[in-house]
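See below for data.cif, which holds mmCIF, C-alpha atoms; chains and numbers go by the auth columns.
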data_coords
#
loop_
_atom_site.group_PDB
_atom_site.id
_atom_site.type_symbol
_atom_site.label_atom_id
_atom_site.label_comp_id
_atom_site.label_asym_id
_atom_site.label_seq_id
_atom_site.Cartn_x
_atom_site.Cartn_y
_atom_site.Cartn_z
_atom_site.B_iso_or_equiv
_atom_site.auth_seq_id
_atom_site.auth_asym_id
ATOM 1 C CA MET A 1 0.000 0.000 0.000 0.00 97 A
ATOM 2 C CA TRP A 2 2.696 2.495 0.981 0.00 98 A
ATOM 3 C CA SER A 3 4.798 1.771 -2.078 0.00 99 A
ATOM 4 C CA SER A 4 1.906 2.504 -4.435 0.00 100 A
ATOM 5 C CA ALA A 5 1.153 5.754 -2.588 0.00 101 A
ATOM 6 C CA TYR A 6 4.840 6.672 -2.737 0.00 102 A
ATOM 7 C CA GLN A 7 4.992 5.975 -6.472 0.00 103 A
ATOM 8 C CA PHE A 8 1.857 8.101 -7.011 0.00 104 A
ATOM 9 C CA VAL A 9 3.413 11.043 -5.141 0.00 105 A
ATOM 10 C CA ILE A 10 6.675 10.733 -7.061 0.00 106 A
ATOM 11 C CA ARG A 11 4.787 10.730 -10.381 0.00 107 A
ATOM 12 C CA GLN A 12 2.838 13.844 -9.385 0.00 108 A
ATOM 13 C CA VAL A 13 5.940 15.701 -8.178 0.00 109 A
ATOM 14 C CA HIS A 14 7.757 14.833 -11.392 0.00 110 A
ATOM 15 C CA HIS A 15 5.140 16.806 -13.362 0.00 111 A
ATOM 16 C CA PHE A 16 5.135 19.940 -11.176 0.00 112 A
ATOM 17 C CA ASN A 17 5.555 23.218 -13.014 0.00 113 A
ATOM 18 C CA GLN A 18 7.238 26.354 -11.675 0.00 114 A
ATOM 19 C CA GLN A 19 4.096 27.751 -10.020 0.00 115 A
ATOM 20 C CA GLU A 20 3.361 24.486 -8.206 0.00 116 A
ATOM 21 C CA TRP A 21 6.939 24.359 -6.887 0.00 117 A
ATOM 22 C CA LEU A 22 6.463 27.925 -5.635 0.00 118 A
ATOM 23 C CA PHE A 23 3.372 26.800 -3.695 0.00 119 A
ATOM 24 C CA VAL A 24 5.326 23.875 -2.243 0.00 120 A
ATOM 25 C CA LEU A 25 8.117 26.231 -1.166 0.00 121 A
ATOM 26 C CA LEU A 26 5.705 28.698 0.432 0.00 122 A
ATOM 27 C CA GLY A 27 3.847 25.910 2.221 0.00 123 A
ATOM 28 C CA THR A 28 7.100 24.467 3.542 0.00 124 A
ATOM 29 C CA VAL A 29 8.306 27.859 4.772 0.00 125 A
ATOM 30 C CA LEU A 30 4.989 28.595 6.483 0.00 126 A
ATOM 31 C CA LEU A 31 4.936 25.169 8.126 0.00 127 A
ATOM 32 C CA GLY A 32 8.523 25.672 9.293 0.00 128 A
ATOM 33 C CA LEU A 33 7.735 29.077 10.765 0.00 129 A
ATOM 34 C CA PHE A 34 4.708 27.640 12.551 0.00 130 A
ATOM 35 C CA CYS A 35 6.715 24.739 13.984 0.00 131 A
ATOM 36 C CA LEU A 36 9.679 26.876 15.057 0.00 132 A
ATOM 37 C CA ARG A 37 7.570 29.652 16.542 0.00 133 A
ATOM 38 C CA GLY A 38 7.665 28.242 20.078 0.00 134 A
ATOM 39 C CA PHE A 39 11.437 27.911 20.400 0.00 135 A
ATOM 40 C CA GLY A 40 11.930 31.530 21.514 0.00 136 A
ATOM 41 C CA SER A 41 9.520 31.152 24.416 0.00 137 A
ATOM 42 C CA ARG A 42 11.434 28.160 25.774 0.00 138 A
ATOM 43 C CA SER A 43 14.643 30.155 26.265 0.00 139 A
ATOM 44 C CA ARG A 44 13.351 31.568 29.582 0.00 140 A
ATOM 45 C CA TYR A 45 13.066 28.155 31.279 0.00 141 A
#

Produce C-alpha cells that represent the structure in this file.
Amino acid sequence: MWSSAYQFVIRQVHHFNQQEWLFVLLGTVLLGLFCLRGFGSRSRY
C-alpha cells in the first residue's frame, strides 16, 4: 500500500511546473515558521 502511494506522489511531483513548486516552497516555509515559533519562548526556562 505504501509503495503505491509513494509511487503516485513521485509521479505527481515529477510533473510539477514552476508555479506548483512555488506553492510547495511557500507551504514548507509557512509550516517551518509555525513549527519553530515556540522555540523563543522556551529560552526563559

Students should find that CA of Cys131 in chain A and CA of Ser99 in chain A are spaced 28.1 Å

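Between CA of Gln108 in chain A and CA of Leu126 in chain A there is a distance of 21.8 Å.
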
TODO: Grab the CA of Leu118 in chain A to CA of Ala101 in chain A distance for me, in Å with one decimal place.
DONE: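 It comes out at 23.0 Å.
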
Mind giving me the axis-aligned box for range 99-105 of chain A with 6 Å on every side, centre plus edges in Å to one decimal, as JSON?
{"center_x": 3.1, "center_y": 6.4, "center_z": -4.5, "size_x": 15.8, "size_y": 21.3, "size_z": 16.9}

Reconstruct N, CA and C atoms of range 106-134 of chain A; output as a PDB file, keeping the file's coordinate frame.
ATOM      1  N   ILE A 106       5.500  10.461  -6.232  1.00  0.00           N
ATOM      2  CA  ILE A 106       6.675  10.733  -7.061  1.00  0.00           C
ATOM      3  C   ILE A 106       6.264  11.098  -8.481  1.00  0.00           C
ATOM      4  N   ARG A 107       5.263  10.404  -9.030  1.00  0.00           N
ATOM      5  CA  ARG A 107       4.787  10.730 -10.381  1.00  0.00           C
ATOM      6  C   ARG A 107       4.193  12.126 -10.430  1.00  0.00           C
ATOM      7  N   GLN A 108       3.439  12.519  -9.409  1.00  0.00           N
ATOM      8  CA  GLN A 108       2.838  13.844  -9.385  1.00  0.00           C
ATOM      9  C   GLN A 108       3.906  14.932  -9.254  1.00  0.00           C
ATOM     10  N   VAL A 109       4.882  14.715  -8.391  1.00  0.00           N
ATOM     11  CA  VAL A 109       5.940  15.701  -8.178  1.00  0.00           C
ATOM     12  C   VAL A 109       6.773  15.867  -9.447  1.00  0.00           C
ATOM     13  N   HIS A 110       6.957  14.786 -10.171  1.00  0.00           N
ATOM     14  CA  HIS A 110       7.757  14.833 -11.392  1.00  0.00           C
ATOM     15  C   HIS A 110       7.146  15.777 -12.428  1.00  0.00           C
ATOM     16  N   HIS A 111       5.830  15.969 -12.385  1.00  0.00           N
ATOM     17  CA  HIS A 111       5.140  16.806 -13.362  1.00  0.00           C
ATOM     18  C   HIS A 111       4.832  18.212 -12.859  1.00  0.00           C
ATOM     19  N   PHE A 112       5.383  18.601 -11.702  1.00  0.00           N
ATOM     20  CA  PHE A 112       5.135  19.940 -11.176  1.00  0.00           C
ATOM     21  C   PHE A 112       5.726  20.991 -12.103  1.00  0.00           C
ATOM     22  N   ASN A 113       4.995  22.094 -12.266  1.00  0.00           N
ATOM     23  CA  ASN A 113       5.555  23.218 -13.014  1.00  0.00           C
ATOM     24  C   ASN A 113       6.117  24.237 -12.020  1.00  0.00           C
ATOM     25  N   GLN A 114       6.567  25.379 -12.529  1.00  0.00           N
ATOM     26  CA  GLN A 114       7.238  26.354 -11.675  1.00  0.00           C
ATOM     27  C   GLN A 114       6.292  26.929 -10.617  1.00  0.00           C
ATOM     28  N   GLN A 115       5.040  27.185 -10.977  1.00  0.00           N
ATOM     29  CA  GLN A 115       4.096  27.751 -10.020  1.00  0.00           C
ATOM     30  C   GLN A 115       3.774  26.755  -8.899  1.00  0.00           C
ATOM     31  N   GLU A 116       3.645  25.482  -9.236  1.00  0.00           N
ATOM     32  CA  GLU A 116       3.361  24.486  -8.206  1.00  0.00           C
ATOM     33  C   GLU A 116       4.537  24.327  -7.249  1.00  0.00           C
ATOM     34  N   TRP A 117       5.778  24.408  -7.772  1.00  0.00           N
ATOM     35  CA  TRP A 117       6.939  24.359  -6.887  1.00  0.00           C
ATOM     36  C   TRP A 117       6.983  25.579  -5.970  1.00  0.00           C
ATOM     37  N   LEU A 118       6.521  26.731  -6.474  1.00  0.00           N
ATOM     38  CA  LEU A 118       6.463  27.925  -5.635  1.00  0.00           C
ATOM     39  C   LEU A 118       5.486  27.715  -4.478  1.00  0.00           C
ATOM     40  N   PHE A 119       4.334  27.095  -4.767  1.00  0.00           N
ATOM     41  CA  PHE A 119       3.372  26.800  -3.695  1.00  0.00           C
ATOM     42  C   PHE A 119       3.948  25.813  -2.681  1.00  0.00           C
ATOM     43  N   VAL A 120       4.692  24.832  -3.151  1.00  0.00           N
ATOM     44  CA  VAL A 120       5.326  23.875  -2.243  1.00  0.00           C
ATOM     45  C   VAL A 120       6.329  24.593  -1.349  1.00  0.00           C
ATOM     46  N   LEU A 121       7.126  25.482  -1.942  1.00  0.00           N
ATOM     47  CA  LEU A 121       8.117  26.231  -1.166  1.00  0.00           C
ATOM     48  C   LEU A 121       7.443  27.108  -0.123  1.00  0.00           C
ATOM     49  N   LEU A 122       6.407  27.834  -0.519  1.00  0.00           N
ATOM     50  CA  LEU A 122       5.705  28.698   0.432  1.00  0.00           C
ATOM     51  C   LEU A 122       5.058  27.891   1.555  1.00  0.00           C
ATOM     52  N   GLY A 123       4.458  26.768   1.205  1.00  0.00           N
ATOM     53  CA  GLY A 123       3.847  25.910   2.221  1.00  0.00           C
ATOM     54  C   GLY A 123       4.874  25.366   3.194  1.00  0.00           C
ATOM     55  N   THR A 124       6.032  24.985   2.682  1.00  0.00           N
ATOM     56  CA  THR A 124       7.100  24.467   3.542  1.00  0.00           C
ATOM     57  C   THR A 124       7.632  25.552   4.471  1.00  0.00           C
ATOM     58  N   VAL A 125       7.814  26.750   3.945  1.00  0.00           N
ATOM     59  CA  VAL A 125       8.306  27.859   4.772  1.00  0.00           C
ATOM     60  C   VAL A 125       7.284  28.208   5.851  1.00  0.00           C
ATOM     61  N   LEU A 126       6.012  28.275   5.491  1.00  0.00           N
ATOM     62  CA  LEU A 126       4.989  28.595   6.483  1.00  0.00           C
ATOM     63  C   LEU A 126       4.888  27.515   7.556  1.00  0.00           C
ATOM     64  N   LEU A 127       4.966  26.256   7.152  1.00  0.00           N
ATOM     65  CA  LEU A 127       4.936  25.169   8.126  1.00  0.00           C
ATOM     66  C   LEU A 127       6.152  25.236   9.044  1.00  0.00           C
ATOM     67  N   GLY A 128       7.313  25.537   8.481  1.00  0.00           N
ATOM     68  CA  GLY A 128       8.523  25.672   9.293  1.00  0.00           C
ATOM     69  C   GLY A 128       8.428  26.818  10.287  1.00  0.00           C
ATOM     70  N   LEU A 129       7.903  27.944   9.842  1.00  0.00           N
ATOM     71  CA  LEU A 129       7.735  29.077  10.765  1.00  0.00           C
ATOM     72  C   LEU A 129       6.755  28.737  11.877  1.00  0.00           C
ATOM     73  N   PHE A 130       5.690  28.028  11.543  1.00  0.00           N
ATOM     74  CA  PHE A 130       4.708  27.640  12.551  1.00  0.00           C
ATOM     75  C   PHE A 130       5.319  26.674  13.561  1.00  0.00           C
ATOM     76  N   CYS A 131       6.109  25.728  13.084  1.00  0.00           N
ATOM     77  CA  CYS A 131       6.715  24.739  13.984  1.00  0.00           C
ATOM     78  C   CYS A 131       7.815  25.338  14.846  1.00  0.00           C
ATOM     79  N   LEU A 132       8.567  26.298  14.316  1.00  0.00           N
ATOM     80  CA  LEU A 132       9.679  26.876  15.057  1.00  0.00           C
ATOM     81  C   LEU A 132       9.269  28.061  15.921  1.00  0.00           C
ATOM     82  N   ARG A 133       8.032  28.456  15.846  1.00  0.00           N
ATOM     83  CA  ARG A 133       7.570  29.652  16.542  1.00  0.00           C
ATOM     84  C   ARG A 133       7.768  29.552  18.049  1.00  0.00           C
ATOM     85  N   GLY A 134       7.605  28.382  18.625  1.00  0.00           N
ATOM     86  CA  GLY A 134       7.665  28.242  20.078  1.00  0.00           C
ATOM     87  C   GLY A 134       9.057  28.178  20.658  1.00  0.00           C
TER      88      GLY A 134
END
